[in-house]
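Visitor: What follows is a structure written as structure tokens; I'll ask about it next.
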Amino acid sequence: MSDVPIRVVVVEDNPQIRRFVSDAIRKSGCMASETATARAGLETVAAGDAHLVILDLGLPDMSGIDFIRELRLWSSLPILILSARTAEHDKIEALDAGADDYLTKPFGVGELLARVRVLLRRRSPPDEPVTIYHFGEVEVDIARYTVRRAGEDIHLTQIEHRLLAVMLANAGKVLTHRHLMEEVWGPGHAEQEHYVRIYIRRLRQKLERDPTQPRHFLTETGIGYRFQPRVK
Amino acid sequence: MLDYWFRARYLLALTLCALITALTLPLRGRLDLANIVMLFLLVVFIAAVKLGRGPAVLAAFLSVALFDLFFVPPHLSFTVVDAQYLVTFAVMLAVGLITSHLASHIADQSEAILAKERETSMLYELARDLGAALTLAQVVDIVGRFLRAIEMDSAVLINEGSEGREALTIHGTLPIGDRARGLALTAYRQNTTVNDADSVFLPLAGATRARGVLAVARTRGALQPVVEAVASLSGIAIERIHYAQIAQQSELEVQSEKLRSSILSSLSHDLRTPLTSLVGLADTLTDTLSDRHTGASDNAAETAAMLRDQSLAMHRMVTNLLEMARLQSGRVRLNKQWQPIDDIVGSSVRLLDDILAARQLDIALPPDLPLVCFDAVLMERVLCNLLENAAKYSTPGTPIGLLARVCALNLEVLVCNEGAGFPADRLDQVFDPFVRGFQEQTIAGTGIGLAVCRAIVSAHGGTIAAESTPGKAWVRLTLPLGTPPEMDGDLS
């Protein structure tokens, strides 16, 4: 990491939630700027030197979706959404609008910091593209099309390989069904989301130690999937 | 009045003939007889056009008689010397009769056209009035008034019951007995006109079906087409009012549905926000305590962890309560997708990490289970509730089982545990809201978890049942399999 302190902007109208989120961020060694409204949040981000935005979707002065759209006009900062709503629709809309990840309330501090770490790591991509990945007992070389599990070669079909590559490249990030469909099968297959689910099941069966309790290819119910490289 | 005009017309014809005789008499000798005949024919013609057929015929005969009496020599005698005058008389009579016939025919026709026009304009007014009617009572009133104006007793029978029920309410002046009611019902059901000795029953036909029946007393022989027009106009009006009411009703329902869901979502927000603070603040407390490394911190950290667990338990209860409220409002739209059940088994276990961590989980899912069409978020709630119950109501340390299999045309999922099980006499009741298997106050719960499960599974067209044997208990749920979408070769 560089010497510049990492600054996280917390946009949340509830003072208690804002406080514990900010406390957790500070404790992890970052700086936190607290704002209670979307307007103030946008101004803080615009002032510069921010690295991450944590955004509550239910703000009083502006819808979270509009906040994301406006921010995305001039910034590619990672955005983590906090959502108290149960409607998966809102989260999908926020993710499609450009948010990077979400946390459903209530959430623990550990969960919050894990998500923050993943998003901050993605902020500084390595100099050379990564083609070799390790997770669990699996070793993947994307460039050479080889997958080994506990030293044994595993055969993947072309589609399985492409899906795996997309998941690995977006490690830690939630990917909506639609997004995966477009990345792997190309546009125009919006009605065939069950393909994604079937192929994730195949990957789990080939790569997970216990496919019924996956530790790497996680379901984000009603939204999509997330690849979790390291197990807590 | 009519009689008077009838007699007056003949009198007028008589007077006209007398008048022309009196006027032409002085010209006798100066005018040719042929021209005098013309004047008489003119009178017959005028009588035919203005007074009608009968007076015209009278005028024709009278003219011949007067012409003979006063103008044909010998005067003042019906004797005819010159036989050729007989031809004159015959032609005169024939022309008079034919003229009177033609003229009166034309008069009849124009009379008929006028009547038709009056009828049309009355119907037009009726249509306009019915078009402006907003209630059934107004329609009935307008139709009644219209038919009274053309001197017909009528009654309108409208089915005001709901779809499928036949409750014809009677409005109008025509008395309807039991027999008449039966005939009206026949007309209504078969959507055809039913004729009786003294009344006629016409269905008030809308575009889709009969909306009621118009009963009209048979005062004049044939049924006027105007009555049929009235029936069809009022049928359309009643149907329009019916659909307007439906539109208004559904508008109201949409409004109240919006209100209900906005109340639920703000309630949900208001309840979850403090719980989120509690969980987060408890975590912060744990961290702070572990940083201090003081001797007393163990106890305090434990308290903080309990605070967190209880807040999460509270959150699960709130979620179930809100879910129940949403499901009971009756209009939950399921976001059904074809998916393997594995997806939500894994995520449910992960969500209940805290509760299930200490337990051995035996999960048996065949790798080739077919896809099922369900709402993932709701079914995940079902599995979470079942797994949470399985953990809560079982002997600590015993394994918890979850297995899925295809059973006939259903996907069957069983969640099993070892412990006291369900009370044998209340296996069905455990799915009722606020009913708990045992009235155990030691285990926190609202008795709503299984009720939510049943509501969700039923909404998917599935079944859920509790079963137990001594020492073991399980909940069995089924979801209909259906036909999963095909996988295209080129996409896979």
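As shown in the structure tokens, the chain order sets the letters A, B, ...; within each chain, residues go from 1, and ligands are also counted from 1 in the order they appear.
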Using only C-alpha atoms, determine which residues of chain B fall within 9 Å of chain A; present them as number ranges by chain.

Guide: B: 265, 268-269, 272-284, 308, 312, 315, 335, 337-340, 342-347, 349-350, 363-365, 367, 371, 375-377, 380, 485, 487, 491-492

Visitor: Quick one, how far is atom CA of Cys453 of chain B from atom CA of Leu481 of chain B?

Guide: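 Value for the atom CA of Cys453 of chain B-atom CA of Leu481 of chain B distance: 18.5 Å.
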
Visitor: Could you state the separation of atom CA of Leu126 of chain B and atom CA of Asp153 of chain B in Å, given to one decimal place?

Guide: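 Computing it gives 16.8 Å between the two atoms.
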
Visitor: So that I can check the surroundings of Ala60 of chain B, please list as a PyMOL selection string every protein, DNA and RNA residue that reaches within 9 Å of it, counting only C-alpha atoms and ignoring chain neighbours fewer than 4 positions away.

Guide: chain B and resi 40-41+43-45+55-56+64-65+92-97+100

Visitor: Could you please take those selected residues and save N, CA and C atoms as a PDB file, in the first residue's frame?

Guide:
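The resulting file, out_9.pdb, is reproduced below:
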ATOM      1  N   PHE B  40    -114.225  19.908 -61.420  1.00  0.00           N
ATOM      2  CA  PHE B  40    -114.672  18.892 -60.456  1.00  0.00           C
ATOM      3  C   PHE B  40    -113.542  17.934 -60.087  1.00  0.00           C
ATOM      4  N   LEU B  41    -112.775  17.543 -61.130  1.00  0.00           N
ATOM      5  CA  LEU B  41    -111.657  16.628 -60.863  1.00  0.00           C
ATOM      6  C   LEU B  41    -110.633  17.274 -59.919  1.00  0.00           C
ATOM      7  N   VAL B  43    -111.313  19.350 -57.561  1.00  0.00           N
ATOM      8  CA  VAL B  43    -111.841  19.232 -56.194  1.00  0.00           C
ATOM      9  C   VAL B  43    -111.551  17.839 -55.626  1.00  0.00           C
ATOM     10  N   VAL B  44    -111.787  16.799 -56.457  1.00  0.00           N
ATOM     11  CA  VAL B  44    -111.523  15.425 -56.001  1.00  0.00           C
ATOM     12  C   VAL B  44    -110.046  15.281 -55.622  1.00  0.00           C
ATOM     13  N   PHE B  45    -109.191  15.865 -56.456  1.00  0.00           N
ATOM     14  CA  PHE B  45    -107.750  15.757 -56.225  1.00  0.00           C
ATOM     15  C   PHE B  45    -107.357  16.434 -54.898  1.00  0.00           C
ATOM     16  N   PRO B  55    -112.936  10.561 -47.854  1.00  0.00           N
ATOM     17  CA  PRO B  55    -113.547  11.795 -48.343  1.00  0.00           C
ATOM     18  C   PRO B  55    -113.333  11.972 -49.847  1.00  0.00           C
ATOM     19  N   ALA B  56    -112.181  11.514 -50.380  1.00  0.00           N
ATOM     20  CA  ALA B  56    -111.903  11.664 -51.804  1.00  0.00           C
ATOM     21  C   ALA B  56    -112.866  10.818 -52.631  1.00  0.00           C
ATOM     22  N   VAL B  64    -119.602  13.414 -59.669  1.00  0.00           N
ATOM     23  CA  VAL B  64    -120.294  12.848 -60.834  1.00  0.00           C
ATOM     24  C   VAL B  64    -121.790  13.159 -60.753  1.00  0.00           C
ATOM     25  N   ALA B  65    -122.332  12.979 -59.540  1.00  0.00           N
ATOM     26  CA  ALA B  65    -123.763  13.210 -59.353  1.00  0.00           C
ATOM     27  C   ALA B  65    -124.129  14.671 -59.603  1.00  0.00           C
ATOM     28  N   MET B  92    -114.668  10.237 -65.447  1.00  0.00           N
ATOM     29  CA  MET B  92    -114.578  11.159 -64.319  1.00  0.00           C
ATOM     30  C   MET B  92    -114.457  10.387 -63.005  1.00  0.00           C
ATOM     31  N   LEU B  93    -115.311   9.357 -62.874  1.00  0.00           N
ATOM     32  CA  LEU B  93    -115.303   8.566 -61.653  1.00  0.00           C
ATOM     33  C   LEU B  93    -113.978   7.816 -61.506  1.00  0.00           C
ATOM     34  N   ALA B  94    -113.553   7.221 -62.655  1.00  0.00           N
ATOM     35  CA  ALA B  94    -112.320   6.431 -62.602  1.00  0.00           C
ATOM     36  C   ALA B  94    -111.136   7.314 -62.223  1.00  0.00           C
ATOM     37  N   VAL B  95    -111.050   8.479 -62.920  1.00  0.00           N
ATOM     38  CA  VAL B  95    -109.919   9.385 -62.632  1.00  0.00           C
ATOM     39  C   VAL B  95    -109.958   9.814 -61.160  1.00  0.00           C
ATOM     40  N   GLY B  96    -111.195  10.138 -60.712  1.00  0.00           N
ATOM     41  CA  GLY B  96    -111.338  10.555 -59.310  1.00  0.00           C
ATOM     42  C   GLY B  96    -110.864   9.488 -58.345  1.00  0.00           C
ATOM     43  N   LEU B  97    -111.290   8.241 -58.614  1.00  0.00           N
ATOM     44  CA  LEU B  97    -110.926   7.160 -57.687  1.00  0.00           C
ATOM     45  C   LEU B  97    -109.424   6.889 -57.692  1.00  0.00           C
ATOM     46  N   SER B 100    -107.564   9.672 -56.031  1.00  0.00           N
ATOM     47  CA  SER B 100    -107.704   9.645 -54.573  1.00  0.00           C
ATOM     48  C   SER B 100    -106.845   8.546 -53.974  1.00  0.00           C
TER      49      SER B 100
END

Visitor: Could you name the residues that touch segment 385-399 of chain B at 7 Å or less, counting only C-alpha atoms, but leaving out those on the same chain fewer than 3 positions away, as number ranges by chain?

Guide: B: 356, 359-362, 381-382, 415-420, 449

Visitor: Neighbours of segment 233-235 of chain B within 12 Å (only C-alpha atoms; same-chain residues fewer than 6 positions away dropped), as an NGL selection string?

Guide: :B and (123-133 or 135-144 or 146 or 156-159 or 188 or 191 or 202-214 or 226-227 or 241-242)

Visitor: So that I can see what lies close to segment 253-264 of chain B, please list as a list in words the residues with an atom at most 9 Å from it, counting only C-alpha atoms and leaving out residues fewer than 2 positions away in the same chain.

Guide: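 Within the cut-off, the hits are Gln248, Gln249, Ser250, Glu251, Ser266, Leu267, Ser268, His269, Leu322, Ala325, Arg326, Ser329 and Arg331 of chain B.
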
Visitor: Any chance you can output those residues with C-alpha atoms as a tab-separated table (two decimals), in the first residue's frame?

Guide:
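After the write, part-v2.tsv holds the following:
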chain	number	residue	atom	x	y	z
B	248	GLN	CA	-63.16	2.15	-10.22
B	249	GLN	CA	-62.95	-0.84	-7.89
B	250	SER	CA	-59.58	-1.97	-9.22
B	251	GLU	CA	-58.27	1.59	-9.05
B	266	SER	CA	-41.37	1.95	6.09
B	267	LEU	CA	-42.13	-0.31	9.06
B	268	SER	CA	-39.47	-2.67	7.80
B	269	HIS	CA	-36.97	0.17	7.51
B	322	LEU	CA	-43.07	-8.60	8.25
B	325	ALA	CA	-47.88	-9.43	7.04
B	326	ARG	CA	-46.82	-9.13	3.41
B	329	SER	CA	-52.03	-8.99	2.38
B	331	ARG	CA	-50.99	-9.99	-3.30

Visitor: Taking the backbone alone, and naming residues the way the document does, which bits of segment 4-221 of chain A are alpha helix (DSSP H) by DSSP, as a ChimeraX atom specification?

Guide: /A:15-27,38-46,64-74,88-97,109-123,158-169,177-185,194-207
